[in-house]
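Visitor: Take this structure, written in structure tokens, and hold onto it; I'll ask about it next.
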Amino acid sequence: MTETTAEVTAVEEFAPVVEPAGGTLRGVGVSAWFGARKVLENVDIDMRAGVVTALIGPSGCGKSTFLRILNRMHELVPIATLAGSVLLDGDDIYGTALPITEIRRRIGMVFQKPNPFPAMTIGDNVLAGLKLTGRKVPNREQLIEESLRRAGLWNEVRNRLGAPAGGLSGGQQQRLCIARSLAVRPDVLLMDEPCSALDPTSTRRIEETILELKDQLTIVIVTHNMQQAQRVSQHCAFFLAAEDEPGRVVEQGDTDFIFGSPKDPRTADYVNGRFG
Amino acid sequence: MATTRALDAKPAPKPDQPADAARQVPRRRPRAWRWADIGEFAGSAASALLLTWLIFDRLLPFRIQGVAFVVGWYVLTLPVYWLVVRDGHGPVAAKDRLATVLIASGAALALSPIFLVVGYVTVRGLAVVDFGFLTETMELTGPLSEATDGGLLHSLVGTLEQLGIATLIAVPLGVLTAVYLSEIAGPLARPTRLVADAMTALPSIVAGLFIYSLVVIRTGWGFSGFAGSLALTILMLPTVTIAAEQVLRVVPGSLREAALALGSPYWRSVLLVVLPTARAGLATAVILGMARVVGETAPVLLTVGGTNILNTNPFSDYQDNIPLFVFNQIRSSKQTFVDRAWGGALLLLILVLVLFVLARLAGGAGPGGRSRRRKGTAK
Ligand SMILES: Nc1ncnc2c1ncn2[C@@H]1O[C@H](COP(=O)(O)OP(=O)(O)OP(=O)(O)O)[C@@H](O)[C@H]1O
Ligand SMILES: [Mg+2]
């Protein structure tokens with residue numbers, strides 16, 4: 001499989017470097033609560049630079065919660081609390097070393113439902129992140145084109161950058177959201193079921209985009225689609241929450257290993273669709 | 001398992017377009033009214049009319065006319081129509097149609113005062129409204145002048161200036177308050193909302209009295225257009241606040257999250273994403289506030305003074321405005337003055353109409369549209 005070789009090269013490329021170029025994200029002993037209810041317990045995941053990490057597991061086991069903890073979106077819910085730490089290149093993002101806006105800029109996020117800004121044009125949507133972080137855009141045309149190309153959307157919208165973003169199809173909107181995230185040059189890109197609202201063609205485009213991006217930044221993707229996890233990821237973590245218990249990582253490791261010969265029978269059941 | 005999502009799966013071939021077949025078949029619109037339905041209703045109404053005539057003119061020992069006749073006609077139409085439809089389409093359809101008629105007549109009843117008022121004001125007002133009505137003042141107009149002499153330029157200028165100043169003060173304050181209520185939702189949000197709600201019911205004369213005693217008397221400023229603006233601001237503020245808050249609330253939370261996830265500080269996400277997204281609704285909120293106060297008489301009665309002379313400076317000396325003009329003219333015993341009052345009322349109506357049209361225009365323009373040119377996107 002090409003992914004395997006790609007992963008090997010990626011690891012070879014990044015492992016010896018003292019400070020990886022992408023962002024290496026590490027969740028250390030992460031637990032999370034909504035009010036009094038604990039939804040996540042003691043999750044340790046290494047998300048290495050240049051590797052696509054997939055988070056899989058049944059609904060409600062805390063994948064989105066974990067992902068939102070990774071760029072401090074979790075705390076937007078008033079009753080949400082957490083324990084443990086998340087290290088971005090060794091710095092705790094919940095510490096005082098980094099300002100929260102800088103953390104969120106460096107760790108971008110693509111949501112399950114496409115959410116382009118409806119009051120902006122396509123071009124402005126791409127640049128929204130720079131405007132929102134108060135940074136100057138030296139040559140906007142170039143950045144728009146580059147971001148849209150990386151998201152695989154350039155050819156479809158090159159002639160209507162001034163049109164409202166709401167006029168795009170769902171799949172195009174999602175790729176626009178990816179372009180928008182890429183324009184601020186994040187080190188990490190978190191994707192929460194980015195294809196769940198999309199048709200197979202758009203899904204394929206986004207998967208291609210992920211594969212193209214994976215050498216440029218760290219990608220963490222939540223997906224319910226086992227084929228997708230196998231196609232795009234090299235590292236895979238299986239979440240599971242027993243009834244009335246918080247979610248835990250049952251097993252994690254190389255994607256080939258998780259899908260090929262997992263140790264835990266529950267993992268095998270889940271990845272083979274025998275869960276329930 | 002959904003293996004069709006494989007990376008190399010070809011998109012399914014499109015089914016052949018059945019366009020040719022569809023073109024020959026006449027299109028059916030199951031919910032449209034047919035002529036037969038209209039005929040049924042018209043027939044029922046006609047027979048009920050005759051029945052009413054029979055009862056009122058032939059059977060009753062006394063004569064009742066006018067409103068009672070119409071009411072009787074309406075009341076009789078309902079059972080006749082019900083019987084007709086039940087005969088033709090069955091009891092379920094009959095109930096359905098009857099409900100439709102009842103609801104439609106309810107709506108017509110609710111709308112009729114508006115049309116009556118607008119129609120009456122238009123008819124009375126058109127008699128005096130001409131170009132001179134807009135460009136002359138009452139300075140040189142006496143009891144012996146024609147109704148078409150004189151005008152309300154001084155009042156129009158006063159209204160526009162007072163409304164403009166009130167808007168300039170109330171809109172930023174109102175929108176900021178709305179942002180506080182819906183975006184920041186701090187500990188003061190609940191009491192603030194309560195006060196804003198209560199203030200919408202504030203009697204306008206109280207707002208006038210407040211400014212009268214505080215600004216006009218206490219500071220010694222005297223009557224002025226600006227004092228009127230302040231009184232109007234008090235009335236406008238809660239309306240704008242509540243309407244704007246409601247508009248901000250419907251901005252999807254996912255957009256705020258998207259902005260924050262890009263690394264935006266909270267205030268920037270509000271300024272650059274939430275407010276522009278709610279632009280159309282905010283424009284409506286502003287216009288709602290303006291429309292709320294443009295016709296207020298009580299607060300300006302106590303604060304602007306009222307005059308027949310054009311005074312373009314809102315910050316000193318007496319000013320007039322249109323509601324006040326109407327109020328002062330209609331109290332006169334001279335018919336010419338009363339006629340001018342109706343002209344003023346018509347102009348007030350037109351002003352409100354213009355405001356609403358502006359609101360729609362301001363709200364309707366999308367991104368990249370004509371009214372909001374971006375600086376050189378993709379060009
Ligand atoms: N805002 C919230 N308030 C309270 N509880 C919440 C909130 N968001 C999520 N939860 C709870 O946290 C648990 C984990 O939710 P989460 O969204 O992380 O699941 P998930 O694994 O992403 O599920 P899915 O695959 O369906 O998206 C669930 O039991 C959910 O009910
Ligand atoms: Mg989820």
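Ligands are numbered from 1 in the order shown, chains are lettered A, B, ... in the order of the structure tokens, and residues start at 1 in each chain.
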Please return as a CSV table (one decimal) with N, CA, C and O atoms, in the first residue's frame the residues found within 7 Å of ligand 1, counting only C-alpha atoms and all ligand atoms.

Guide:
```
chain,number,residue,atom,x,y,z
A,34,PHE,N,-18.9,17.2,31.1
A,34,PHE,CA,-20.0,18.2,30.8
A,34,PHE,C,-20.8,18.2,32.1
A,34,PHE,O,-21.5,17.3,32.4
A,39,VAL,N,-17.3,12.4,30.4
A,39,VAL,CA,-17.5,11.8,29.0
A,39,VAL,C,-16.2,11.2,28.4
A,39,VAL,O,-16.2,10.5,27.4
A,57,GLY,N,-14.8,5.3,16.4
A,57,GLY,CA,-15.6,4.8,17.5
A,57,GLY,C,-17.0,5.1,17.4
A,57,GLY,O,-17.4,5.9,16.6
A,58,PRO,N,-17.9,4.4,18.1
A,58,PRO,CA,-19.3,4.6,18.0
A,58,PRO,C,-19.7,6.0,18.4
A,58,PRO,O,-19.0,6.7,19.1
A,59,SER,N,-21.0,6.3,18.1
A,59,SER,CA,-21.5,7.6,18.4
A,59,SER,C,-21.5,7.9,19.9
A,59,SER,O,-21.9,7.0,20.7
A,60,GLY,N,-21.2,9.1,20.3
A,60,GLY,CA,-21.3,9.4,21.7
A,60,GLY,C,-20.1,9.0,22.6
A,60,GLY,O,-20.2,9.1,23.8
A,61,CYS,N,-19.1,8.5,22.0
A,61,CYS,CA,-18.0,8.1,22.8
A,61,CYS,C,-16.9,9.1,23.1
A,61,CYS,O,-15.9,8.9,23.8
A,62,GLY,N,-17.2,10.3,22.6
A,62,GLY,CA,-16.3,11.4,23.0
A,62,GLY,C,-15.2,11.8,22.0
A,62,GLY,O,-14.3,12.6,22.3
A,63,LYS,N,-15.4,11.4,20.7
A,63,LYS,CA,-14.4,11.8,19.7
A,63,LYS,C,-14.4,13.3,19.5
A,63,LYS,O,-13.3,13.9,19.5
A,64,SER,N,-15.6,13.8,19.3
A,64,SER,CA,-15.6,15.3,19.0
A,64,SER,C,-15.1,16.0,20.2
A,64,SER,O,-14.5,17.0,20.1
A,65,THR,N,-15.5,15.6,21.4
A,65,THR,CA,-15.1,16.2,22.6
A,65,THR,C,-13.6,16.3,22.7
A,65,THR,O,-13.0,17.3,23.0
A,66,PHE,N,-12.9,15.1,22.4
A,66,PHE,CA,-11.5,15.1,22.4
A,66,PHE,C,-10.9,16.1,21.4
A,66,PHE,O,-10.0,16.8,21.7
A,77,VAL,N,-18.2,25.6,25.7
A,77,VAL,CA,-19.5,25.1,26.3
A,77,VAL,C,-19.3,25.5,27.8
A,77,VAL,O,-18.4,25.1,28.5
A,224,HIS,N,-16.6,8.2,10.8
A,224,HIS,CA,-17.4,7.0,11.0
A,224,HIS,C,-17.2,6.0,9.9
A,224,HIS,O,-17.9,4.9,9.9
```

Visitor: Write out as a ChimeraX atom specification which residues come within 12 Å of stretch 92-102 of chain A when counting only C-alpha atoms, dropping same-chain ones fewer than 2 positions away.

Guide: /A:24-28,30,69-75,81-90,104-108,129-130,132-134,184-187 /B:259-269

Visitor: Using the selection just defined, write its residues with C-alpha atoms as an mmCIF file, in the first residue's frame.

Guide:
```cif
data_model
loop_
_atom_site.group_PDB
_atom_site.id
_atom_site.type_symbol
_atom_site.label_atom_id
_atom_site.label_comp_id
_atom_site.auth_asym_id
_atom_site.auth_seq_id
_atom_site.Cartn_x
_atom_site.Cartn_y
_atom_site.Cartn_z
ATOM 1 C CA THR A 24 3.296 17.477 17.104
ATOM 2 C CA LEU A 25 0.271 17.258 19.294
ATOM 3 C CA ARG A 26 0.129 15.081 22.372
ATOM 4 C CA GLY A 27 -2.876 14.489 24.532
ATOM 5 C CA VAL A 28 -1.677 13.461 27.970
ATOM 6 C CA VAL A 30 -7.064 13.908 28.996
ATOM 7 C CA ILE A 69 -10.120 19.827 23.556
ATOM 8 C CA LEU A 70 -7.189 19.813 21.163
ATOM 9 C CA ASN A 71 -7.763 23.416 20.088
ATOM 10 C CA ARG A 72 -9.503 24.736 23.148
ATOM 11 C CA MET A 73 -12.959 24.794 21.645
ATOM 12 C CA HIS A 74 -14.204 22.559 24.454
ATOM 13 C CA GLU A 75 -14.275 25.456 26.875
ATOM 14 C CA THR A 81 -14.361 21.082 32.223
ATOM 15 C CA LEU A 82 -11.324 18.941 31.619
ATOM 16 C CA ALA A 83 -8.220 17.414 33.164
ATOM 17 C CA GLY A 84 -4.852 16.454 31.768
ATOM 18 C CA SER A 85 -2.884 18.433 29.259
ATOM 19 C CA VAL A 86 -2.363 18.841 25.546
ATOM 20 C CA LEU A 87 1.155 19.510 24.337
ATOM 21 C CA LEU A 88 1.785 21.311 21.083
ATOM 22 C CA ASP A 89 5.458 20.813 20.270
ATOM 23 C CA GLY A 90 6.022 20.313 23.971
ATOM 24 C CA ARG A 104 -6.362 28.160 17.727
ATOM 25 C CA ARG A 105 -4.600 29.667 14.754
ATOM 26 C CA ARG A 106 -1.885 27.023 14.859
ATOM 27 C CA ILE A 107 -4.437 24.235 15.361
ATOM 28 C CA GLY A 108 -7.113 24.708 12.743
ATOM 29 C CA GLY A 129 -8.789 33.874 9.114
ATOM 30 C CA LEU A 130 -6.178 36.520 8.434
ATOM 31 C CA LEU A 132 -9.986 37.734 12.017
ATOM 32 C CA THR A 133 -6.511 37.417 13.484
ATOM 33 C CA GLY A 134 -5.751 40.982 12.492
ATOM 34 C CA VAL A 184 -3.790 30.912 8.260
ATOM 35 C CA ARG A 185 -1.042 28.289 7.849
ATOM 36 C CA PRO A 186 -1.837 26.059 10.800
ATOM 37 C CA ASP A 187 0.557 23.387 12.018
ATOM 38 C CA ALA B 259 -14.329 32.232 13.540
ATOM 39 C CA LEU B 260 -12.879 31.344 16.931
ATOM 40 C CA ALA B 261 -11.306 28.183 15.553
ATOM 41 C CA LEU B 262 -9.384 30.323 13.091
ATOM 42 C CA GLY B 263 -7.719 32.050 16.016
ATOM 43 C CA SER B 264 -9.936 35.096 16.133
ATOM 44 C CA PRO B 265 -10.311 37.108 19.314
ATOM 45 C CA TYR B 266 -13.899 37.162 20.454
ATOM 46 C CA TRP B 267 -14.528 40.802 19.628
ATOM 47 C CA ARG B 268 -13.278 40.360 16.084
ATOM 48 C CA SER B 269 -15.525 37.377 15.495
#
```

Visitor: I'd like to know which residues of stretch 26-104 of chain A are alpha helix (DSSP H) (by DSSP, run on the backbone); could you write them as a VMD selection string?

Guide: chain A and resid 63 to 70 100 to 104

Visitor: Report as a ChimeraX atom specification all protein, DNA and RNA residues lying within 8 Å of stretch 213-221 of chain A, evaluated on only C-alpha atoms, omitting residues in the same chain fewer than 5 positions from it.

Guide: /A:10,22-24,47-55,150,186-194

Visitor: Please list as a compact mmCIF listing (two decimals) with N, CA and C atoms, in the first residue's frame every residue within 10 Å of A:Asn155, counting only C-alpha atoms and excluding residues in the same chain fewer than 6 positions away.

Guide:
```txt
# COMPACT_ATOMS: atom_id res chain seq x y z
N GLU A 145 -5.43 31.90 -4.16
CA GLU A 145 -5.23 30.82 -5.13
C GLU A 145 -4.53 29.63 -4.48
N LEU A 148 -6.88 27.77 -2.06
CA LEU A 148 -7.92 27.04 -2.77
C LEU A 148 -7.34 25.85 -3.54
N ARG A 149 -6.15 26.03 -4.06
CA ARG A 149 -5.51 24.91 -4.75
C ARG A 149 -5.22 23.77 -3.78
```

Visitor: Could you pull out the strand (DSSP E or B) residues of stretch 58-265 of chain A from DSSP and send them as a ChimeraX atom specification?

Guide: /A:80-88,91-92,107-110,121,164,188-192,218-222,235-241,247-254

Visitor: So how far away is atom CA of B:Phe133 from atom CA of B:Asp149, in Å?

Guide: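 Straight-line distance from atom CA of B:Asp149 to atom CA of B:Phe133 works out to 7.3 Å.
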
Visitor: Kindly indicate which residue among A:Val43, A:Ser181, A:Ser202, A:Ser196 lies nearest to ligand 2, using only C-alpha atoms and all ligand atoms for the distances.

Guide: A:Ser196

Visitor: Could you tell me which of A:Val222, A:Val110, A:Gln174, A:Gly123 comes closest to ligand 2 if we count only C-alpha atoms and all ligand atoms?

Guide: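 That would be A:Val222, the residue with the smallest distance to ligand 2.
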
Visitor: In Å to one decimal, how far is atom CA of B:Leu153 from atom CA of B:Val326?

Guide: 12.9 Å

Visitor: Pick from B:Arg218, B:Arg256, B:Arg360, B:Arg331: nearest to chain A, with only C-alpha atoms counted?

Guide: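 Using only C-alpha atoms, chain A sits closest to B:Arg256.
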
Visitor: Residues within 10 Å of stretch 228-230 of chain B, please, as a PyMOL selection string. Count only C-alpha atoms; anything in the same chain fewer than 3 positions from it doesn't count.

Guide: chain B and resi 158-159+161-170+207-208+210-212+215-216+223-225+233-236+293+299-305+314-315+319-321

Visitor: Show which residues sit within 9 Å of A:Val126, as a PDB file with N, CA, C and O atoms, in the first residue's frame. Count only C-alpha atoms, and ignore same-chain residues fewer than 4 positions away.

Guide:
```
ATOM      1  N   THR A 121     -17.795  36.877   0.527  1.00  0.00           N
ATOM      2  CA  THR A 121     -17.619  36.231  -0.761  1.00  0.00           C
ATOM      3  C   THR A 121     -16.691  35.029  -0.597  1.00  0.00           C
ATOM      4  O   THR A 121     -16.109  34.813   0.468  1.00  0.00           O
ATOM      5  N   ILE A 122     -16.561  34.262  -1.666  1.00  0.00           N
ATOM      6  CA  ILE A 122     -15.691  33.090  -1.608  1.00  0.00           C
ATOM      7  C   ILE A 122     -14.267  33.505  -1.283  1.00  0.00           C
ATOM      8  O   ILE A 122     -13.614  32.952  -0.392  1.00  0.00           O
ATOM      9  N   LEU A 130      -7.185  35.476   8.268  1.00  0.00           N
ATOM     10  CA  LEU A 130      -6.178  36.520   8.434  1.00  0.00           C
ATOM     11  C   LEU A 130      -6.805  37.801   8.946  1.00  0.00           C
ATOM     12  O   LEU A 130      -6.263  38.475   9.803  1.00  0.00           O
ATOM     13  N   LEU A 143      -2.506  34.284  -2.144  1.00  0.00           N
ATOM     14  CA  LEU A 143      -2.872  33.445  -1.011  1.00  0.00           C
ATOM     15  C   LEU A 143      -4.202  32.734  -1.263  1.00  0.00           C
ATOM     16  O   LEU A 143      -4.361  31.553  -0.954  1.00  0.00           O
ATOM     17  N   ILE A 144      -5.154  33.464  -1.864  1.00  0.00           N
ATOM     18  CA  ILE A 144      -6.441  32.843  -2.182  1.00  0.00           C
ATOM     19  C   ILE A 144      -6.223  31.657  -3.099  1.00  0.00           C
ATOM     20  O   ILE A 144      -6.713  30.551  -2.863  1.00  0.00           O
ATOM     21  N   SER A 147      -4.352  28.714  -1.319  1.00  0.00           N
ATOM     22  CA  SER A 147      -5.183  27.990  -0.349  1.00  0.00           C
ATOM     23  C   SER A 147      -6.242  27.162  -1.058  1.00  0.00           C
ATOM     24  O   SER A 147      -6.493  26.009  -0.698  1.00  0.00           O
ATOM     25  N   LEU A 148      -6.877  27.774  -2.064  1.00  0.00           N
ATOM     26  CA  LEU A 148      -7.920  27.035  -2.773  1.00  0.00           C
ATOM     27  C   LEU A 148      -7.340  25.846  -3.537  1.00  0.00           C
ATOM     28  O   LEU A 148      -7.967  24.798  -3.636  1.00  0.00           O
ATOM     29  N   LEU A 176     -14.084  24.758   0.822  1.00  0.00           N
ATOM     30  CA  LEU A 176     -13.806  26.166   1.100  1.00  0.00           C
ATOM     31  C   LEU A 176     -13.415  26.342   2.567  1.00  0.00           C
ATOM     32  O   LEU A 176     -12.494  27.106   2.892  1.00  0.00           O
ATOM     33  N   CYS A 177     -14.099  25.609   3.437  1.00  0.00           N
ATOM     34  CA  CYS A 177     -13.751  25.698   4.864  1.00  0.00           C
ATOM     35  C   CYS A 177     -12.342  25.167   5.099  1.00  0.00           C
ATOM     36  O   CYS A 177     -11.599  25.699   5.933  1.00  0.00           O
ATOM     37  N   ILE A 178     -11.960  24.147   4.357  1.00  0.00           N
ATOM     38  CA  ILE A 178     -10.592  23.633   4.480  1.00  0.00           C
ATOM     39  C   ILE A 178      -9.608  24.697   3.990  1.00  0.00           C
ATOM     40  O   ILE A 178      -8.598  24.981   4.643  1.00  0.00           O
ATOM     41  N   ALA A 179      -9.937  25.314   2.854  1.00  0.00           N
ATOM     42  CA  ALA A 179      -9.056  26.373   2.335  1.00  0.00           C
ATOM     43  C   ALA A 179      -8.933  27.512   3.332  1.00  0.00           C
ATOM     44  O   ALA A 179      -7.857  28.066   3.539  1.00  0.00           O
ATOM     45  N   ARG A 180     -10.053  27.842   3.957  1.00  0.00           N
ATOM     46  CA  ARG A 180     -10.063  28.920   4.947  1.00  0.00           C
ATOM     47  C   ARG A 180      -9.141  28.578   6.118  1.00  0.00           C
ATOM     48  O   ARG A 180      -8.403  29.426   6.625  1.00  0.00           O
ATOM     49  N   SER A 181      -9.196  27.307   6.544  1.00  0.00           N
ATOM     50  CA  SER A 181      -8.316  26.890   7.634  1.00  0.00           C
ATOM     51  C   SER A 181      -6.860  26.907   7.199  1.00  0.00           C
ATOM     52  O   SER A 181      -5.979  27.272   7.972  1.00  0.00           O
ATOM     53  N   LEU A 182      -6.614  26.500   5.943  1.00  0.00           N
ATOM     54  CA  LEU A 182      -5.228  26.417   5.486  1.00  0.00           C
ATOM     55  C   LEU A 182      -4.608  27.793   5.309  1.00  0.00           C
ATOM     56  O   LEU A 182      -3.395  27.951   5.433  1.00  0.00           O
ATOM     57  N   ALA A 183      -5.454  28.798   5.023  1.00  0.00           N
ATOM     58  CA  ALA A 183      -4.914  30.128   4.714  1.00  0.00           C
ATOM     59  C   ALA A 183      -4.177  30.745   5.891  1.00  0.00           C
ATOM     60  O   ALA A 183      -3.308  31.587   5.695  1.00  0.00           O
TER      61      ALA A 183
END
```

Visitor: For a test of reading the model, state the distance in Å between atom CA of A:Gly35 and atom CA of A:Ile79, rounded to one decimal.

Guide: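 One can read the atom CA of A:Gly35 to atom CA of A:Ile79 distance as 5.0 Å.
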
Visitor: With only C-alpha atoms as the atoms that count, which of A:Leu127, A:Leu67, A:Met109, A:Leu40 lies nearest to chain B?

Guide: A:Met109

Visitor: Do a neighbour search on B:Leu181 at 8 Å with only C-alpha atoms, toss out local chain neighbours closer than 4 positions, and write the hits as a PyMOL selection string.

Guide: chain B and resi 177+185-186+189-190+192-193+245
